[in-house]
file my_file_25.pdb (PDB, C-alpha atoms, pLDDT in the B column)
ATOM      1  CA  MET A   1      76.859 120.238 112.216  1.00 74.00           C
ATOM      2  CA  PRO A   2      78.437 117.735 114.628  1.00 83.00           C
ATOM      3  CA  ARG A   3      81.907 116.376 113.887  1.00 80.00           C
ATOM      4  CA  ILE A   4      84.208 113.923 115.602  1.00 85.00           C
ATOM      5  CA  ALA A   5      86.854 116.005 117.350  1.00 86.00           C
ATOM      6  CA  LEU A   6      88.839 113.384 119.290  1.00 92.00           C
ATOM      7  CA  VAL A   7      89.449 109.658 119.044  1.00 93.00           C
ATOM      8  CA  THR A   8      90.954 107.890 122.059  1.00 95.00           C
ATOM      9  CA  LEU A   9      93.993 105.723 121.468  1.00 96.00           C
ATOM     10  CA  VAL A  10      95.059 103.629 124.455  1.00 97.00           C
ATOM     11  CA  VAL A  11      98.850 103.707 124.881  1.00 97.00           C
ATOM     12  CA  ALA A  12     101.362 102.133 127.255  1.00 97.00           C
ATOM     13  CA  ASP A  13     103.209 105.342 128.148  1.00 97.00           C
ATOM     14  CA  TYR A  14     102.451 109.018 127.545  1.00 98.00           C
ATOM     15  CA  ASP A  15     105.958 110.218 126.770  1.00 98.00           C
ATOM     16  CA  GLU A  16     106.927 107.417 124.360  1.00 98.00           C
ATOM     17  CA  ALA A  17     103.588 107.857 122.575  1.00 98.00           C
ATOM     18  CA  ILE A  18     104.073 111.625 122.297  1.00 98.00           C
ATOM     19  CA  ARG A  19     107.567 111.100 120.824  1.00 97.00           C
ATOM     20  CA  HIS A  20     106.296 108.538 118.316  1.00 97.00           C
ATOM     21  CA  TYR A  21     103.260 110.474 117.123  1.00 97.00           C
ATOM     22  CA  THR A  22     105.080 113.812 116.896  1.00 96.00           C
ATOM     23  CA  GLU A  23     108.549 112.769 115.709  1.00 95.00           C
ATOM     24  CA  ALA A  24     107.844 109.671 113.594  1.00 96.00           C
ATOM     25  CA  LEU A  25     104.324 110.349 112.321  1.00 95.00           C
ATOM     26  CA  GLY A  26     104.422 114.145 112.119  1.00 93.00           C
ATOM     27  CA  PHE A  27     101.595 115.010 114.515  1.00 94.00           C
ATOM     28  CA  ARG A  28     101.687 118.183 116.603  1.00 94.00           C
ATOM     29  CA  LEU A  29     101.340 118.114 120.392  1.00 96.00           C
ATOM     30  CA  ALA A  30      98.230 120.201 120.995  1.00 95.00           C
ATOM     31  CA  GLU A  31      97.818 119.660 124.734  1.00 96.00           C
ATOM     32  CA  ASP A  32      99.521 117.866 127.617  1.00 98.00           C
ATOM     33  CA  THR A  33      97.741 118.740 130.849  1.00 98.00           C
ATOM     34  CA  PRO A  34      98.240 116.914 134.168  1.00 97.00           C
ATOM     35  CA  ARG A  35      95.063 115.743 135.871  1.00 96.00           C
ATOM     36  CA  PRO A  36      94.484 115.443 139.628  1.00 97.00           C
ATOM     37  CA  ASP A  37      94.338 111.627 139.474  1.00 94.00           C
ATOM     38  CA  GLY A  38      97.894 111.395 138.070  1.00 92.00           C
ATOM     39  CA  SER A  39      96.789 110.873 134.486  1.00 95.00           C
ATOM     40  CA  ARG A  40      97.310 113.415 131.721  1.00 98.00           C
ATOM     41  CA  TRP A  41      95.089 114.895 129.013  1.00 98.00           C
ATOM     42  CA  VAL A  42      97.341 114.419 125.969  1.00 98.00           C
ATOM     43  CA  VAL A  43      96.101 115.479 122.531  1.00 97.00           C
ATOM     44  CA  VAL A  44      98.045 115.216 119.271  1.00 97.00           C
ATOM     45  CA  GLU A  45      96.832 116.618 115.945  1.00 94.00           C
ATOM     46  CA  ALA A  46      97.784 116.059 112.346  1.00 89.00           C
ATOM     47  CA  GLY A  47      97.511 119.071 110.076  1.00 79.00           C
ATOM     48  CA  ALA A  48      96.552 122.600 110.976  1.00 75.00           C
ATOM     49  CA  PRO A  49      95.194 123.216 114.483  1.00 77.00           C
ATOM     50  CA  GLY A  50      91.488 122.456 114.714  1.00 73.00           C
ATOM     51  CA  GLN A  51      91.248 121.309 111.089  1.00 76.00           C
ATOM     52  CA  GLY A  52      90.831 117.580 111.607  1.00 75.00           C
ATOM     53  CA  THR A  53      90.314 114.781 114.052  1.00 83.00           C
ATOM     54  CA  ALA A  54      92.833 114.652 116.883  1.00 93.00           C
ATOM     55  CA  LEU A  55      93.978 111.729 118.995  1.00 96.00           C
ATOM     56  CA  LEU A  56      93.572 111.621 122.752  1.00 97.00           C
ATOM     57  CA  LEU A  57      96.496 109.501 123.955  1.00 98.00           C
ATOM     58  CA  ALA A  58      95.185 107.708 127.044  1.00 97.00           C
ATOM     59  CA  ARG A  59      97.570 105.649 129.169  1.00 97.00           C
ATOM     60  CA  ALA A  60      96.215 102.186 129.961  1.00 97.00           C
ATOM     61  CA  ARG A  61      95.090 102.067 133.597  1.00 95.00           C
ATOM     62  CA  ASN A  62      94.344  98.393 134.150  1.00 96.00           C
ATOM     63  CA  GLU A  63      94.958  94.937 132.712  1.00 96.00           C
ATOM     64  CA  ALA A  64      91.935  95.054 130.391  1.00 95.00           C
ATOM     65  CA  GLU A  65      93.115  98.337 128.874  1.00 95.00           C
ATOM     66  CA  ARG A  66      96.749  97.156 128.668  1.00 96.00           C
ATOM     67  CA  ALA A  67      95.525  94.123 126.701  1.00 94.00           C
ATOM     68  CA  ARG A  68      94.062  96.505 124.071  1.00 93.00           C
ATOM     69  CA  VAL A  69      97.235  98.525 123.493  1.00 95.00           C
ATOM     70  CA  GLY A  70      98.270  97.872 119.891  1.00 94.00           C
ATOM     71  CA  ASP A  71      95.120  95.917 119.054  1.00 92.00           C
ATOM     72  CA  GLN A  72      92.406  98.526 119.213  1.00 90.00           C
ATOM     73  CA  THR A  73      90.684  97.294 116.060  1.00 92.00           C
ATOM     74  CA  GLY A  74      91.275  93.546 116.181  1.00 91.00           C
ATOM     75  CA  GLY A  75      94.172  93.660 113.711  1.00 91.00           C
ATOM     76  CA  ARG A  76      92.365  95.677 111.031  1.00 95.00           C
ATOM     77  CA  VAL A  77      93.501  99.019 109.713  1.00 96.00           C
ATOM     78  CA  GLY A  78      91.716 101.360 112.051  1.00 94.00           C
ATOM     79  CA  PHE A  79      93.319 104.733 111.384  1.00 94.00           C
ATOM     80  CA  PHE A  80      93.868 106.697 108.188  1.00 94.00           C
ATOM     81  CA  LEU A  81      96.548 109.356 107.901  1.00 94.00           C
ATOM     82  CA  HIS A  82      95.971 111.510 104.834  1.00 94.00           C
ATOM     83  CA  THR A  83      98.826 113.292 103.090  1.00 94.00           C
ATOM     84  CA  ASP A  84      99.119 115.671 100.170  1.00 94.00           C
ATOM     85  CA  ASP A  85     102.553 114.249  99.251  1.00 96.00           C
ATOM     86  CA  PHE A  86     102.779 110.493  99.688  1.00 97.00           C
ATOM     87  CA  ALA A  87     106.416 110.136  98.571  1.00 98.00           C
ATOM     88  CA  ARG A  88     107.616 112.864 100.970  1.00 97.00           C
ATOM     89  CA  ASP A  89     105.801 111.527 104.023  1.00 96.00           C
ATOM     90  CA  HIS A  90     106.498 107.872 103.237  1.00 98.00           C
ATOM     91  CA  ALA A  91     110.241 108.594 102.991  1.00 98.00           C
ATOM     92  CA  ARG A  92     110.220 110.726 106.160  1.00 96.00           C
ATOM     93  CA  MET A  93     108.380 108.046 108.122  1.00 97.00           C
ATOM     94  CA  ILE A  94     110.730 105.279 106.953  1.00 97.00           C
ATOM     95  CA  ALA A  95     113.715 107.436 107.968  1.00 97.00           C
ATOM     96  CA  ALA A  96     112.072 107.851 111.405  1.00 96.00           C
ATOM     97  CA  GLY A  97     111.838 104.069 111.816  1.00 96.00           C
ATOM     98  CA  VAL A  98     108.156 103.536 111.036  1.00 97.00           C
ATOM     99  CA  THR A  99     107.413  99.958 109.934  1.00 97.00           C
ATOM    100  CA  PHE A 100     105.470  99.660 106.692  1.00 98.00           C
ATOM    101  CA  LEU A 101     103.800  96.291 106.132  1.00 98.00           C
ATOM    102  CA  GLU A 102     103.663  96.628 102.351  1.00 97.00           C
ATOM    103  CA  GLU A 103     105.005  98.589  99.428  1.00 98.00           C
ATOM    104  CA  PRO A 104     102.976 101.631  98.324  1.00 98.00           C
ATOM    105  CA  ARG A 105     100.176 100.723  95.947  1.00 97.00           C
ATOM    106  CA  HIS A 106      97.958 102.687  93.609  1.00 97.00           C
ATOM    107  CA  GLU A 107      94.238 102.192  94.148  1.00 97.00           C
ATOM    108  CA  PRO A 108      91.268 103.974  92.548  1.00 96.00           C
ATOM    109  CA  TYR A 109      90.944 106.025  95.744  1.00 96.00           C
ATOM    110  CA  GLY A 110      94.638 107.020  95.924  1.00 97.00           C
ATOM    111  CA  ILE A 111      98.176 105.973  96.820  1.00 98.00           C
ATOM    112  CA  VAL A 112      98.256 103.917 100.011  1.00 98.00           C
ATOM    113  CA  ALA A 113     100.482 101.776 102.215  1.00 98.00           C
ATOM    114  CA  VAL A 114      99.752 100.117 105.555  1.00 98.00           C
ATOM    115  CA  PHE A 115     102.068 100.864 108.469  1.00 98.00           C
ATOM    116  CA  GLN A 116     102.173 100.083 112.169  1.00 97.00           C
ATOM    117  CA  ASP A 117     102.407 102.621 114.941  1.00 96.00           C
ATOM    118  CA  LEU A 118     104.641 102.201 117.984  1.00 95.00           C
ATOM    119  CA  TYR A 119     102.279  99.650 119.518  1.00 96.00           C
ATOM    120  CA  GLY A 120     101.295  97.682 116.426  1.00 96.00           C
ATOM    121  CA  ASN A 121      98.013  99.411 115.514  1.00 96.00           C
ATOM    122  CA  ARG A 122      97.572  99.375 111.751  1.00 97.00           C
ATOM    123  CA  TRP A 123      97.234 102.611 109.812  1.00 97.00           C
ATOM    124  CA  ASP A 124      96.919 103.605 106.170  1.00 97.00           C
ATOM    125  CA  LEU A 125      99.133 106.371 104.885  1.00 97.00           C
ATOM    126  CA  LEU A 126      96.918 107.657 102.111  1.00 97.00           C
ATOM    127  CA  GLN A 127      97.165 110.328  99.455  1.00 97.00           C
ATOM    128  CA  PRO A 128      93.597 110.543  98.182  1.00 97.00           C
ATOM    129  CA  ALA A 129      93.104 110.525  94.415  1.00 96.00           C
ATOM    130  CA  THR A 130      92.160 113.803  92.814  1.00 88.00           C
ATOM    131  CA  HIS A 131      89.228 113.553  90.463  1.00 70.00           C
TER     132      HIS A 131
END
call {"tool": "encode", "arguments": {"input": "my_file_25.pdb", "output": "structure tokens"}}
result
Amino acid sequence: MPRIALVTLVVADYDEAIRHYTEALGFRLAEDTPRPDGSRWVVVEAGAPGQGTALLLARARNEAERARVGDQTGGRVGFFLHTDDFARDHARMIAAGVTFLEEPRHEPYGIVAVFQDLYGNRWDLLQPATH
């Protein structure tokens, strides 16, 4: 059965993106391999290794790509970070300087709040409802 393994996220700088995704958002650095062209293959994962979709952090190479940094989905929430303990992760992320755009809210599908990553991309922090 096919599954999505990686999603590319265009970033301004590898090292600042690695720090943000690992330290502020709780991802794990899975790979950081230099490439012959001067770029790097940088993969961060949330959760246990190989258990979910990972992000390929790709440094913008030209003006068109730089224009997309922070606006990969036209201002919509484009990424969903699931948690099994909303209060714990929400508090940890706030302490790490993550900007939440709203207070947590209870929806039929779970507890959720929209936040911005380092570049302004919108994410949901979501603890899915248990049925």
call {"tool": "resolve_selection", "arguments": {"input": "my_file_25.pdb", "expression": "the PyMOL selection byres ((chain A and resi 106-123) around 8)", "output": "count of residues only"}}
result
31
call {"tool": "resolve_selection", "arguments": {"input": "my_file_25.pdb", "expression": "the PyMOL selection byres ((chain A and resi 54) around 6)", "output": "compact mmCIF listing (two decimals) with C-alpha atoms, in the frame of the given file"}}
result
# COMPACT_ATOMS: atom_id res chain seq x y z
CA LEU A 6 88.84 113.38 119.29
CA VAL A 44 98.04 115.22 119.27
CA GLU A 45 96.83 116.62 115.94
CA THR A 53 90.31 114.78 114.05
CA LEU A 55 93.98 111.73 119.00
call {"tool": "atom_distance", "arguments": {"input": "my_file_25.pdb", "atom1": "CA of Asp15 in chain A", "atom2": "CA of His90 in chain A"}}
result
23.7 Å
call {"tool": "atom_distance", "arguments": {"input": "my_file_25.pdb", "atom1": "CA of Arg40 in chain A", "atom2": "CA of Asp13 in chain A"}}
result
10.6 Å
call {"tool": "closest_residue", "arguments": {"input": "my_file_25.pdb", "among": "A:Trp41, A:Gly52, A:Glu63, A:Pro34", "to": "Ala12 in chain A", "atoms": "only C-alpha atoms"}}
result
A:Glu63
call {"tool": "residues_around", "arguments": {"input": "my_file_25.pdb", "residues": "Thr8 in chain A", "least_positions_apart": "4", "cutoff": "7 Å", "atoms": "all atoms listed in the file", "output": "list in words"}}
result
Leu55, Leu56, Leu57 and Ala58 of chain A
call {"tool": "atom_distance", "arguments": {"input": "my_file_25.pdb", "atom1": "CA of Ala24 in chain A", "atom2": "CA of Asp89 in chain A"}}
result
10.0 Å
call {"tool": "closest_residue", "arguments": {"input": "my_file_25.pdb", "among": "A:Thr33, A:Ser39, A:Glu23, A:Arg59", "to": "Ile94 in chain A", "atoms": "only C-alpha atoms"}}
result
A:Glu23
call {"tool": "axis_aligned_box", "arguments": {"input": "my_file_25.pdb", "around": "range 75-79 of chain A", "padding_each_side": "5 Å", "output": "AutoDock Vina command-line options"}}
result
--center_x 92.9 --center_y 99.2 --center_z 111.7 --size_x 12.5 --size_y 21.1 --size_z 14.0
call {"tool": "closest_residue", "arguments": {"input": "my_file_25.pdb", "among": "A:Ile18, A:Gly26, A:Asn62, A:Arg3", "to": "Ala96 in chain A", "atoms": "only C-alpha atoms"}}
result
A:Gly26
call {"tool": "closest_residue", "arguments": {"input": "my_file_25.pdb", "among": "A:Leu25, A:Ala30, A:Ala67, A:Ala48", "to": "Val10 in chain A", "atoms": "only C-alpha atoms"}}
result
A:Ala67
call {"tool": "closest_residue", "arguments": {"input": "my_file_25.pdb", "among": "A:Asp37, A:Pro49, A:Val43, A:Asp85", "to": "Tyr21 in chain A", "atoms": "all atoms listed in the file"}}
result
A:Val43
call {"tool": "build_atoms", "arguments": {"input": "my_file_25.pdb", "residues": "range 22-33 of chain A", "atoms": "all heavy atoms", "output": "CSV table (one decimal), in the frame of the given file"}}
result
chain,number,residue,atom,x,y,z
A,22,THR,N,104.6,112.5,117.4
A,22,THR,CA,105.1,113.8,116.9
A,22,THR,C,106.3,113.7,116.0
A,22,THR,O,106.4,114.2,114.9
A,22,THR,CB,105.4,114.8,118.1
A,22,THR,OG1,106.4,114.2,118.9
A,22,THR,CG2,104.1,115.1,118.8
A,23,GLU,N,107.3,112.9,116.4
A,23,GLU,CA,108.5,112.8,115.7
A,23,GLU,C,108.5,111.8,114.5
A,23,GLU,O,108.9,112.2,113.4
A,23,GLU,CB,109.7,112.3,116.6
A,23,GLU,CG,110.0,113.4,117.7
A,23,GLU,CD,111.0,112.9,118.8
A,23,GLU,OE1,111.6,111.9,118.5
A,23,GLU,OE2,111.1,113.6,119.8
A,24,ALA,N,107.9,110.7,114.7
A,24,ALA,CA,107.8,109.7,113.6
A,24,ALA,C,106.7,109.9,112.6
A,24,ALA,O,106.8,109.7,111.4
A,24,ALA,CB,107.8,108.3,114.2
A,25,LEU,N,105.5,110.2,113.2
A,25,LEU,CA,104.3,110.3,112.3
A,25,LEU,C,104.0,111.8,111.9
A,25,LEU,O,103.1,112.0,111.1
A,25,LEU,CB,103.1,109.7,113.0
A,25,LEU,CG,103.3,108.2,113.3
A,25,LEU,CD1,102.0,107.6,113.8
A,25,LEU,CD2,103.8,107.4,112.2
A,26,GLY,N,104.6,112.8,112.5
A,26,GLY,CA,104.4,114.1,112.1
A,26,GLY,C,103.2,114.9,112.7
A,26,GLY,O,102.8,115.9,112.3
A,27,PHE,N,102.7,114.3,113.8
A,27,PHE,CA,101.6,115.0,114.5
A,27,PHE,C,102.2,116.2,115.3
A,27,PHE,O,103.4,116.3,115.5
A,27,PHE,CB,100.9,114.1,115.5
A,27,PHE,CG,100.0,113.1,114.9
A,27,PHE,CD1,100.4,112.0,114.1
A,27,PHE,CD2,98.6,113.2,115.1
A,27,PHE,CE1,99.6,111.1,113.5
A,27,PHE,CE2,97.7,112.3,114.5
A,27,PHE,CZ,98.2,111.2,113.7
A,28,ARG,N,101.3,117.0,115.8
A,28,ARG,CA,101.7,118.2,116.6
A,28,ARG,C,101.1,118.0,118.0
A,28,ARG,O,99.9,117.6,118.1
A,28,ARG,CB,101.1,119.5,116.0
A,28,ARG,CG,101.4,120.7,116.7
A,28,ARG,CD,100.7,121.9,116.0
A,28,ARG,NE,99.3,121.8,116.0
A,28,ARG,CZ,98.5,122.2,117.1
A,28,ARG,NH1,99.0,122.6,118.2
A,28,ARG,NH2,97.2,122.1,117.0
A,29,LEU,N,101.9,118.2,119.0
A,29,LEU,CA,101.3,118.1,120.4
A,29,LEU,C,100.5,119.3,120.6
A,29,LEU,O,100.9,120.5,120.7
A,29,LEU,CB,102.5,118.0,121.4
A,29,LEU,CG,102.1,117.9,122.9
A,29,LEU,CD1,101.3,116.7,123.1
A,29,LEU,CD2,103.3,118.0,123.8
A,30,ALA,N,99.2,119.1,120.8
A,30,ALA,CA,98.2,120.2,121.0
A,30,ALA,C,98.0,120.5,122.5
A,30,ALA,O,97.7,121.6,122.8
A,30,ALA,CB,96.9,119.9,120.3
A,31,GLU,N,98.1,119.5,123.3
A,31,GLU,CA,97.8,119.7,124.7
A,31,GLU,C,98.4,118.5,125.5
A,31,GLU,O,98.4,117.4,125.1
A,31,GLU,CB,96.3,119.7,125.0
A,31,GLU,CG,96.0,120.1,126.4
A,31,GLU,CD,94.5,120.3,126.7
A,31,GLU,OE1,93.7,120.3,125.7
A,31,GLU,OE2,94.1,120.5,127.9
A,32,ASP,N,99.0,118.9,126.7
A,32,ASP,CA,99.5,117.9,127.6
A,32,ASP,C,99.3,118.5,129.0
A,32,ASP,O,100.1,119.2,129.5
A,32,ASP,CB,101.0,117.6,127.3
A,32,ASP,CG,101.6,116.5,128.2
A,32,ASP,OD1,100.8,116.0,129.1
A,32,ASP,OD2,102.7,116.1,128.1
A,33,THR,N,98.2,118.1,129.6
A,33,THR,CA,97.7,118.7,130.8
A,33,THR,C,97.6,117.7,131.9
A,33,THR,O,96.9,116.7,131.8
A,33,THR,CB,96.4,119.4,130.7
A,33,THR,OG1,96.5,120.4,129.6
A,33,THR,CG2,95.9,120.1,132.0
